[in-house]
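Trainee: My questions will all concern the structure given below.
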Amino acid sequence: MCGIVGYVGSEQASPILLEGLSKLEYRGYDSAGIAVFNEGKIEIAKAKGRLAVLEEKTHNGATVHGTMGIGHTRWATHGEPSDENAHPHISNSGRFAVVHNGIIENYIALKQRLIERGFEFMSDTDTEVIAHLFEYYYKGDIMDAMIRVINRVEGSYALGVLCSDYPDQFIAVRKASPLIVGLGEGENFIASDVTAILKHTRNIYYLEDEEMVVLSKDGVTVYNKDKEVVPKDVFTVNWDISAAEKGGYEHFMMKEIEEQPKALRDTISPRIKDGKIVLDDISLTTEDIKKINKIYIVACGSAYHVGVVGKYVIEKMCRIPVEVQVASEFRYCDPIVTKDDLVIVISQSGETADTLAGLKEAKNHGARILSIVNVVGSAIANASDDVIYTWAGPEIAVATTKAYSTQLAVMYLISTYMADKLGMITSGEYARLISEIEALPDKVEEVLKSKEEIQYLASLFYNCRSIFFIGRNLDYAVSLEGSLKLKEISYIHSEAYAAGELKHGTISLIEDGTLVIALATGRDLFDKTVSNVKEVKARGAVVMGVTTKDHDMTEVADHIIKIPSIHETLLPSLTVIPLQLFGYYVASLKGCDIDKPRNLAKSVTVE
Ligand code: G6P
């Protein structure tokens with residue numbers, strides 16, 4: 001949450017900062033601000049609302065001069081969205097300007113002390129204490145001040161700091177919040193995420209916790225807390241710059257929905273060689289797999305929904321018990337995890353605070369951690385024993401689509417790989433699964449051809465007050481995701497239910513005209529789900545059935561969406577596509593801000 005960008009070079013900083021912030025708006029978008037060093041002073045411009053308000057206020061940066069600056073886009077935690085609470089925050093003398101992502105947990109005590117020492121606070125934020133602490137500790141050396149500040153604050157932070165005594169350089173640090181350094185020619189950058197600086201450079205440094213970086217136009221030096229220089233490897237990002245651009249689409253979400261076949265190909269093909277699944281990325285041996293006692297899957301949001309699919313798939317294929325838990329619960333439930341367990345952590349961003357904490361909790365119990373992550377070098381990737389990257393490319397829309405799909409693909413690869421190593425599937429079944437996994441991108445492409453049909457269905461139902469999704473087993477797992485997709489971007493109340501469970505209470509909400517989206521793709525449970533559909537029909541529901549070309553729902557459903565046939569296990573990858581499209585079109589017809597839904601942020605770096 002919150003996006004940070006910083007620049008030092010020969011160009012005017014403000015337009016570069018604003019452009020960088022526009023790429024980080026997915027991280028938070030309730031206010032934005034920039035601080036630029038100009039003729040011995042730090043100039044600040046900030047505004048409540050979307051970045052566009054700040055752009056207008058500064059004439060796209062033209063009114064704030066200088067060639068070094070820091071910028072921020074905010075997702076409010078402490079203090080409502082307002083001009084005062086927007087970053088950057090400045091110290092009382094105006095000597096320091098600070099942008100911050102994360103949470104300072106001991107800010108109340110620090111604030112009290114600083115007030116007692118005469119500091120005046122202008123905002124309700126936790127961040128402001130950092131600006132004043134810099135002022136308090138500063139004795140002429142900014143690095144010394146930084147070390148004292150980070151020794152004093154508790155919590156998580158990525159910080160960019162300007163000091164008016166340093167006309168040619170600024171300083172940054174991170175702990176448990178993401179921050180990368182971009183290395184240009186005669187210019188250098190910091191950013192929460194590479195997308196913000198991809199236009200300028202592909203060469204980056206990843207910073208470890210508590211590493212400090214001093215940036216000037218001609219160089220970047222990384223230090224540890226003992227002020228020793230830390231040698232860093234340059235990492236070259238291979239993301240295509242167009243991947244972070246809308247490229248003619250009205251919304252990133254639709255662009256990303258349509259990118260799914262490619263993202264799936266990129267994720268699957270390097271891992272299938274000569275008809276075998278090759279997971280070079282991980283060090284889990286056959287012996288290790290045989291010793292696994294239990295698997296935990298820990299994640300948040302849509303990544304958790306991938307975990308629910310994973311539970312069905314792994315248990316069925318490998319006969320290893322799997323427990324899937326949302327990370328915010330797992331981290332505090334004193335989980336019974338042991339060194340004989342494998343914990344699979346799933347995260348697009350690789351920085352979700354609860355997921356990272358869940359991972360650490362599992363690690364403390366001695367469990368082995370295998371993570372499925374999209375962002376290379378992210379905190380979750382770094383903290384894991386093994387990482388399998390999804391190659392979805394940058395995902396900008398808050399509502400995930402292509403990351404979810406690629407996470408599913410990795411889940412199938414892992415399950416099939418483990419089932420083979422455990423001798424739980426025949427060579428024929430193994431070969432069949434592999435060829436079906438390889439066929440997934442084409443089949444997703446086929447489903448995407450039904451866009452107009454789904455758009456039409458959305459036009460019938462976008463005024464609904466409440467929509468229910470039902471399904472059994474894998475269909476239930478996909479219902480969870482379909483329901484979340486719809487509610488997060490269209491603001492229509494929605495619930496997902498295991499089809500057989502609805503009658504234990506929730507069916508009382510079904511009345512004349514209530515839309516129920518019934519997923520009935522699985523062969524074995526098709527008839528059971530159809531019976532549940534009849535129950536809701538009998539109570540007045542309008543039913544939209546989602547099923548495969550092998551099944552017939554004409555008798556029970558008012559509207560039917562058909563998906564191609566595929567190996568039963570892989571059905572979620574196809575079933576989810578019409579649900580993503582349905583959510584998208586409903587939100588679009590309602591005029592919602594699809595890429596930036598209210599109250600949400602893509603990377604949730606607070607618990
Ligand atoms: C947010 C996003 C979701 C995402 C969840 C977990 O809530 O809006 O789309 O599934 O965080 O994020 P992660 O980056 O860990 O996958």
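Order determines the names: the first chain of the structure tokens is A, the second B, and so forth; residues in each chain are numbered 1 upward, and ligands are numbered 1 upward as they are shown.
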Considering only C-alpha atoms, return as a PyMOL selection string whatever protein or nucleic-acid residues lie within 10 Å of A:Lys111, sequence-local ones (same chain, fewer than 3 positions apart) excluded.

Mentor: chain A and resi 106-108+114-117+119-121+126+128-130+132-133

Trainee: If the limit is 6 Å from any atom of ligand 1, counting only C-alpha atoms and all ligand atoms, which residues qualify? Return them as a PyMOL selection string.

Mentor: chain A and resi 300-303+347-350+352+398-400+601-604

Trainee: For A:Val237, list every protein, DNA or RNA residue within 10 Å, evaluated using only C-alpha atoms, and leave out those in the same chain fewer than 3 positions away; present the list as a ChimeraX atom specification.

Mentor: /A:194-195,198,201-204,234,240,376

Trainee: Would you give me, as a tab-separated table, each residue of stretch 340-389 of chain A having an atom within 7 Å of an atom of stretch 279-288 of chain A, along with its shortest atom pair and that distance in Å to one decimal, using only C-alpha atoms and sorting by chain and residue number?

Mentor:
```
residue	atom	partner	partner_atom	distance
A:Asp386	CA	A:Ile282	CA	5.2
A:Val387	CA	A:Ile282	CA	6.5
A:Ile388	CA	A:Asp281	CA	6.1
```

Trainee: Could you go through stretch 303-411 of chain A and tell me which residues DSSP, when run on the backbone, assigns to helix (DSSP H, G or I), listing them as a ChimeraX atom specification?

Mentor: /A:303-318,327-330,353-364,379-383,402-411

Trainee: Give me the residues near A:Ser508 as a short mmCIF file (atom, residue, chain, number, x, y, z; two decimals) with N, CA, C and O atoms, in the first residue's frame, where near means some atom within 10 Å (using only C-alpha atoms) and where sequence neighbours in that chain fewer than 6 positions away do not count.

Mentor:
```
data_model
loop_
_atom_site.label_atom_id
_atom_site.label_comp_id
_atom_site.auth_asym_id
_atom_site.auth_seq_id
_atom_site.Cartn_x
_atom_site.Cartn_y
_atom_site.Cartn_z
N LEU A 502 -26.21 -24.19 1.04
CA LEU A 502 -27.11 -23.03 0.93
C LEU A 502 -28.38 -23.22 1.76
O LEU A 502 -28.88 -22.29 2.39
N VAL A 536 -33.19 -23.62 -5.56
CA VAL A 536 -33.27 -22.15 -5.60
C VAL A 536 -34.28 -21.69 -6.65
O VAL A 536 -34.98 -20.69 -6.46
N ARG A 539 -37.66 -21.38 -5.41
CA ARG A 539 -37.90 -20.22 -4.53
C ARG A 539 -37.78 -18.90 -5.28
O ARG A 539 -37.59 -17.85 -4.69
#
```

Trainee: Report the distance between atom CA of A:Phe37 and atom CA of A:Ser14 in Å, rounded to one decimal place.

Mentor: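 Pair atom CA of A:Phe37 / atom CA of A:Ser14 returns 10.1 Å.
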
Trainee: Considering only strand (DSSP E) as DSSP defines it on the backbone, what residues of stretch 364-590 of chain A qualify? List them as a CSV table (one decimal) with all heavy atoms, in the first residue's frame.

Mentor:
```csv
chain,number,residue,atom,x,y,z
A,368,ARG,N,9.0,-26.3,5.9
A,368,ARG,CA,9.7,-25.9,4.6
A,368,ARG,C,8.7,-25.0,3.9
A,368,ARG,O,7.5,-25.3,3.8
A,368,ARG,CB,10.0,-27.1,3.8
A,368,ARG,CG,10.7,-26.9,2.6
A,368,ARG,CD,11.0,-28.2,1.9
A,368,ARG,NE,11.8,-27.9,0.7
A,368,ARG,CZ,13.0,-28.4,0.5
A,368,ARG,NH1,13.5,-29.3,1.3
A,368,ARG,NH2,13.7,-28.1,-0.6
A,369,ILE,N,9.2,-23.9,3.3
A,369,ILE,CA,8.3,-23.0,2.6
A,369,ILE,C,8.5,-23.0,1.1
A,369,ILE,O,9.6,-22.7,0.6
A,369,ILE,CB,8.5,-21.5,3.1
A,369,ILE,CG1,8.7,-21.4,4.6
A,369,ILE,CG2,7.5,-20.6,2.5
A,369,ILE,CD1,7.4,-21.6,5.4
A,370,LEU,N,7.4,-23.2,0.4
A,370,LEU,CA,7.4,-23.2,-1.1
A,370,LEU,C,6.5,-22.0,-1.4
A,370,LEU,O,5.3,-22.1,-1.1
A,370,LEU,CB,7.0,-24.5,-1.7
A,370,LEU,CG,6.6,-24.5,-3.1
A,370,LEU,CD1,7.8,-24.2,-4.0
A,370,LEU,CD2,6.1,-25.9,-3.6
A,371,SER,N,7.0,-21.0,-2.1
A,371,SER,CA,6.1,-19.9,-2.4
A,371,SER,C,5.8,-19.8,-3.9
A,371,SER,O,6.6,-20.2,-4.7
A,371,SER,CB,6.5,-18.6,-1.9
A,371,SER,OG,7.7,-18.2,-2.5
A,372,ILE,N,4.6,-19.3,-4.2
A,372,ILE,CA,4.2,-19.1,-5.6
A,372,ILE,C,4.0,-17.6,-5.7
A,372,ILE,O,3.1,-17.0,-5.1
A,372,ILE,CB,2.9,-19.8,-6.0
A,372,ILE,CG1,3.0,-21.3,-5.7
A,372,ILE,CG2,2.5,-19.5,-7.4
A,372,ILE,CD1,1.7,-22.1,-5.9
A,373,VAL,N,4.9,-16.9,-6.4
A,373,VAL,CA,5.0,-15.4,-6.3
A,373,VAL,C,5.2,-14.9,-7.8
A,373,VAL,O,5.8,-15.5,-8.6
A,373,VAL,CB,6.2,-15.0,-5.5
A,373,VAL,CG1,6.4,-13.5,-5.5
A,373,VAL,CG2,6.0,-15.5,-4.0
A,386,ASP,N,11.9,-22.3,-1.3
A,386,ASP,CA,11.8,-22.5,-2.7
A,386,ASP,C,10.7,-21.5,-3.3
A,386,ASP,O,9.7,-21.3,-2.6
A,386,ASP,CB,11.3,-23.9,-3.1
A,386,ASP,CG,12.4,-24.9,-2.8
A,386,ASP,OD1,13.5,-24.8,-3.3
A,386,ASP,OD2,12.2,-25.8,-1.9
A,387,VAL,N,11.0,-21.0,-4.5
A,387,VAL,CA,10.0,-20.1,-5.1
A,387,VAL,C,9.7,-20.6,-6.5
A,387,VAL,O,10.6,-21.0,-7.3
A,387,VAL,CB,10.6,-18.7,-5.3
A,387,VAL,CG1,9.5,-17.7,-5.8
A,387,VAL,CG2,11.2,-18.2,-4.0
A,388,ILE,N,8.4,-20.7,-6.9
A,388,ILE,CA,8.1,-20.9,-8.3
A,388,ILE,C,7.4,-19.6,-8.7
A,388,ILE,O,6.4,-19.2,-8.2
A,388,ILE,CB,7.1,-22.1,-8.4
A,388,ILE,CG1,7.7,-23.3,-7.9
A,388,ILE,CG2,6.8,-22.3,-9.9
A,388,ILE,CD1,6.9,-24.6,-8.1
A,389,TYR,N,8.0,-18.9,-9.6
A,389,TYR,CA,7.5,-17.7,-10.1
A,389,TYR,C,6.4,-17.9,-11.1
A,389,TYR,O,6.5,-18.8,-12.0
A,389,TYR,CB,8.6,-16.8,-10.7
A,389,TYR,CG,9.5,-16.1,-9.7
A,389,TYR,CD1,10.8,-16.6,-9.5
A,389,TYR,CD2,9.0,-15.1,-8.9
A,389,TYR,CE1,11.6,-16.0,-8.5
A,389,TYR,CE2,9.8,-14.5,-7.9
A,389,TYR,CZ,11.1,-15.0,-7.7
A,389,TYR,OH,11.9,-14.4,-6.8
A,466,SER,N,-28.2,-8.2,-5.1
A,466,SER,CA,-27.4,-9.3,-4.4
A,466,SER,C,-27.3,-10.4,-5.4
A,466,SER,O,-28.3,-10.8,-6.1
A,466,SER,CB,-28.2,-9.7,-3.2
A,466,SER,OG,-27.4,-10.5,-2.4
A,467,ILE,N,-26.1,-11.0,-5.5
A,467,ILE,CA,-26.0,-12.2,-6.4
A,467,ILE,C,-25.3,-13.3,-5.7
A,467,ILE,O,-24.3,-13.1,-4.9
A,467,ILE,CB,-25.1,-11.7,-7.6
A,467,ILE,CG1,-25.9,-10.7,-8.4
A,467,ILE,CG2,-24.8,-12.9,-8.5
A,467,ILE,CD1,-25.1,-10.1,-9.6
A,468,PHE,N,-25.8,-14.5,-5.8
A,468,PHE,CA,-25.2,-15.7,-5.2
A,468,PHE,C,-24.4,-16.6,-6.2
A,468,PHE,O,-24.9,-16.7,-7.3
A,468,PHE,CB,-26.2,-16.5,-4.5
A,468,PHE,CG,-26.8,-15.8,-3.3
A,468,PHE,CD1,-27.9,-14.9,-3.5
A,468,PHE,CD2,-26.3,-15.9,-2.0
A,468,PHE,CE1,-28.4,-14.1,-2.4
A,468,PHE,CE2,-26.8,-15.2,-0.9
A,468,PHE,CZ,-27.8,-14.3,-1.1
A,469,PHE,N,-23.3,-17.1,-5.8
A,469,PHE,CA,-22.6,-18.1,-6.6
A,469,PHE,C,-22.6,-19.4,-5.8
A,469,PHE,O,-22.3,-19.4,-4.6
A,469,PHE,CB,-21.1,-17.6,-6.7
A,469,PHE,CG,-20.9,-16.4,-7.6
A,469,PHE,CD1,-21.3,-15.2,-7.2
A,469,PHE,CD2,-20.4,-16.6,-8.9
A,469,PHE,CE1,-21.1,-14.1,-8.0
A,469,PHE,CE2,-20.2,-15.5,-9.7
A,469,PHE,CZ,-20.6,-14.2,-9.3
A,470,ILE,N,-22.9,-20.5,-6.6
A,470,ILE,CA,-22.9,-21.8,-5.9
A,470,ILE,C,-22.1,-22.8,-6.7
A,470,ILE,O,-22.1,-22.7,-8.0
A,470,ILE,CB,-24.3,-22.3,-5.5
A,470,ILE,CG1,-25.2,-22.5,-6.8
A,470,ILE,CG2,-25.0,-21.5,-4.5
A,470,ILE,CD1,-26.5,-23.2,-6.5
A,471,GLY,N,-21.6,-23.8,-6.1
A,471,GLY,CA,-20.9,-24.9,-6.8
A,471,GLY,C,-20.4,-25.9,-5.8
A,471,GLY,O,-20.5,-25.6,-4.6
A,493,HIS,N,-23.6,-6.7,-3.6
A,493,HIS,CA,-23.4,-7.7,-2.5
A,493,HIS,C,-23.4,-9.0,-3.2
A,493,HIS,O,-24.2,-9.4,-4.0
A,493,HIS,CB,-24.5,-7.6,-1.5
A,493,HIS,CG,-24.5,-8.8,-0.6
A,493,HIS,ND1,-25.4,-9.8,-0.7
A,493,HIS,CD2,-23.6,-9.2,0.4
A,493,HIS,CE1,-25.2,-10.8,0.1
A,493,HIS,NE2,-24.1,-10.4,0.8
A,494,SER,N,-22.5,-9.9,-2.8
A,494,SER,CA,-22.4,-11.2,-3.3
A,494,SER,C,-21.9,-12.2,-2.3
A,494,SER,O,-21.0,-11.8,-1.5
A,494,SER,CB,-21.6,-11.2,-4.6
A,494,SER,OG,-21.3,-12.5,-5.0
A,495,GLU,N,-22.3,-13.4,-2.4
A,495,GLU,CA,-21.8,-14.5,-1.6
A,495,GLU,C,-21.6,-15.7,-2.4
A,495,GLU,O,-22.3,-16.0,-3.3
A,495,GLU,CB,-22.8,-14.8,-0.4
A,495,GLU,CG,-22.8,-13.7,0.6
A,495,GLU,CD,-23.8,-14.1,1.8
A,495,GLU,OE1,-23.7,-15.2,2.3
A,495,GLU,OE2,-24.6,-13.3,2.1
A,496,ALA,N,-20.6,-16.5,-2.0
A,496,ALA,CA,-20.3,-17.8,-2.6
A,496,ALA,C,-20.7,-18.9,-1.6
A,496,ALA,O,-20.2,-18.8,-0.5
A,496,ALA,CB,-18.9,-17.9,-3.1
A,497,TYR,N,-21.4,-19.9,-2.1
A,497,TYR,CA,-21.7,-21.0,-1.1
A,497,TYR,C,-21.4,-22.3,-1.8
A,497,TYR,O,-21.6,-22.5,-3.0
A,497,TYR,CB,-23.2,-20.9,-0.8
A,497,TYR,CG,-23.4,-20.2,0.5
A,497,TYR,CD1,-23.4,-18.8,0.7
A,497,TYR,CD2,-23.4,-21.0,1.7
A,497,TYR,CE1,-23.5,-18.2,1.9
A,497,TYR,CE2,-23.5,-20.4,2.9
A,497,TYR,CZ,-23.5,-19.0,3.0
A,497,TYR,OH,-23.6,-18.4,4.2
A,498,ALA,N,-21.0,-23.2,-0.9
A,498,ALA,CA,-21.0,-24.6,-1.4
A,498,ALA,C,-22.4,-25.0,-1.6
A,498,ALA,O,-23.3,-24.8,-0.8
A,498,ALA,CB,-20.4,-25.5,-0.3
A,515,LEU,N,-30.6,-13.4,-8.5
A,515,LEU,CA,-29.7,-14.1,-9.5
A,515,LEU,C,-28.8,-15.1,-8.7
A,515,LEU,O,-28.1,-14.7,-7.8
A,515,LEU,CB,-28.8,-13.1,-10.3
A,515,LEU,CG,-27.8,-13.8,-11.2
A,515,LEU,CD1,-28.5,-14.6,-12.3
A,515,LEU,CD2,-26.9,-12.7,-11.9
A,516,VAL,N,-28.8,-16.3,-9.2
A,516,VAL,CA,-27.9,-17.3,-8.6
A,516,VAL,C,-27.0,-17.8,-9.8
A,516,VAL,O,-27.6,-18.3,-10.8
A,516,VAL,CB,-28.6,-18.5,-8.0
A,516,VAL,CG1,-27.7,-19.6,-7.6
A,516,VAL,CG2,-29.4,-18.1,-6.8
A,517,ILE,N,-25.7,-17.7,-9.7
A,517,ILE,CA,-24.8,-18.2,-10.7
A,517,ILE,C,-24.3,-19.6,-10.3
A,517,ILE,O,-23.6,-19.7,-9.2
A,517,ILE,CB,-23.7,-17.2,-11.0
A,517,ILE,CG1,-24.3,-15.8,-11.4
A,517,ILE,CG2,-22.7,-17.8,-12.0
A,517,ILE,CD1,-23.2,-14.8,-11.7
A,518,ALA,N,-24.8,-20.6,-11.0
A,518,ALA,CA,-24.5,-22.0,-10.5
A,518,ALA,C,-23.4,-22.6,-11.4
A,518,ALA,O,-23.6,-22.7,-12.6
A,518,ALA,CB,-25.8,-22.8,-10.7
A,519,LEU,N,-22.3,-22.9,-10.8
A,519,LEU,CA,-21.2,-23.6,-11.5
A,519,LEU,C,-21.4,-25.1,-11.4
A,519,LEU,O,-21.4,-25.6,-10.3
A,519,LEU,CB,-19.9,-23.1,-10.9
A,519,LEU,CG,-19.6,-21.6,-10.7
A,519,LEU,CD1,-18.2,-21.4,-10.3
A,519,LEU,CD2,-20.0,-20.8,-11.9
A,542,VAL,N,-33.5,-16.6,-10.4
A,542,VAL,CA,-33.1,-16.6,-11.8
A,542,VAL,C,-31.7,-17.3,-11.8
A,542,VAL,O,-30.9,-16.9,-11.1
A,542,VAL,CB,-33.0,-15.2,-12.4
A,542,VAL,CG1,-32.5,-15.3,-13.8
A,542,VAL,CG2,-34.4,-14.5,-12.3
A,543,VAL,N,-31.5,-18.3,-12.7
A,543,VAL,CA,-30.3,-19.0,-12.6
A,543,VAL,C,-29.5,-18.9,-13.9
A,543,VAL,O,-30.0,-19.0,-15.0
A,543,VAL,CB,-30.6,-20.5,-12.3
A,543,VAL,CG1,-29.3,-21.3,-12.4
A,543,VAL,CG2,-31.2,-20.7,-11.0
A,544,MET,N,-28.2,-18.5,-13.7
A,544,MET,CA,-27.2,-18.5,-14.8
A,544,MET,C,-26.3,-19.7,-14.5
A,544,MET,O,-25.6,-19.8,-13.5
A,544,MET,CB,-26.4,-17.2,-14.7
A,544,MET,CG,-25.6,-17.0,-16.0
A,544,MET,SD,-24.4,-15.6,-15.7
A,544,MET,CE,-25.5,-14.2,-15.5
A,545,GLY,N,-26.4,-20.7,-15.4
A,545,GLY,CA,-25.6,-21.9,-15.2
A,545,GLY,C,-24.3,-21.7,-16.0
A,545,GLY,O,-24.2,-21.2,-17.1
A,546,VAL,N,-23.2,-22.2,-15.4
A,546,VAL,CA,-21.9,-22.3,-16.1
A,546,VAL,C,-21.5,-23.8,-16.1
A,546,VAL,O,-21.4,-24.4,-15.1
A,546,VAL,CB,-20.8,-21.5,-15.4
A,546,VAL,CG1,-19.5,-21.5,-16.2
A,546,VAL,CG2,-21.3,-20.0,-15.2
A,547,THR,N,-21.4,-24.3,-17.3
A,547,THR,CA,-21.1,-25.7,-17.4
A,547,THR,C,-20.3,-26.0,-18.6
A,547,THR,O,-20.0,-25.1,-19.4
A,547,THR,CB,-22.4,-26.6,-17.4
A,547,THR,OG1,-22.1,-27.9,-17.3
A,547,THR,CG2,-23.3,-26.3,-18.6
A,548,THR,N,-19.9,-27.3,-18.8
A,548,THR,CA,-19.1,-27.6,-20.0
A,548,THR,C,-20.0,-28.0,-21.1
A,548,THR,O,-21.2,-28.3,-21.0
A,548,THR,CB,-18.1,-28.8,-19.7
A,548,THR,OG1,-18.9,-29.9,-19.5
A,548,THR,CG2,-17.3,-28.5,-18.5
A,559,HIS,N,-30.2,-19.0,-18.1
A,559,HIS,CA,-29.2,-18.6,-19.0
A,559,HIS,C,-28.0,-19.6,-18.8
A,559,HIS,O,-27.8,-20.0,-17.7
A,559,HIS,CB,-28.7,-17.2,-18.7
A,559,HIS,CG,-29.8,-16.2,-18.7
A,559,HIS,ND1,-30.3,-15.6,-19.8
A,559,HIS,CD2,-30.5,-15.7,-17.6
A,559,HIS,CE1,-31.3,-14.8,-19.4
A,559,HIS,NE2,-31.4,-14.8,-18.1
A,560,ILE,N,-27.3,-19.9,-19.9
A,560,ILE,CA,-26.2,-20.9,-19.8
A,560,ILE,C,-25.0,-20.4,-20.4
A,560,ILE,O,-25.0,-19.8,-21.6
A,560,ILE,CB,-26.6,-22.2,-20.4
A,560,ILE,CG1,-27.8,-22.8,-19.6
A,560,ILE,CG2,-25.5,-23.2,-20.4
A,560,ILE,CD1,-28.5,-23.9,-20.3
A,561,ILE,N,-23.9,-20.5,-19.7
A,561,ILE,CA,-22.6,-20.2,-20.3
A,561,ILE,C,-21.8,-21.5,-20.4
A,561,ILE,O,-21.7,-22.3,-19.5
A,561,ILE,CB,-21.7,-19.2,-19.4
A,561,ILE,CG1,-22.5,-17.9,-19.2
A,561,ILE,CG2,-20.4,-19.0,-20.0
A,561,ILE,CD1,-21.9,-17.0,-18.1
A,562,LYS,N,-21.3,-21.8,-21.6
A,562,LYS,CA,-20.7,-23.1,-21.9
A,562,LYS,C,-19.2,-22.8,-22.0
A,562,LYS,O,-18.7,-21.9,-22.6
A,562,LYS,CB,-21.1,-23.7,-23.2
A,562,LYS,CG,-22.6,-24.2,-23.1
A,562,LYS,CD,-22.6,-25.7,-22.8
A,562,LYS,CE,-24.1,-26.2,-22.7
A,562,LYS,NZ,-24.2,-27.6,-22.6
A,563,ILE,N,-18.4,-23.7,-21.3
A,563,ILE,CA,-17.0,-23.7,-21.5
A,563,ILE,C,-16.5,-25.0,-22.2
A,563,ILE,O,-17.2,-26.0,-22.1
A,563,ILE,CB,-16.2,-23.5,-20.1
A,563,ILE,CG1,-16.6,-24.6,-19.1
A,563,ILE,CG2,-16.6,-22.1,-19.5
A,563,ILE,CD1,-15.7,-24.7,-17.9
```
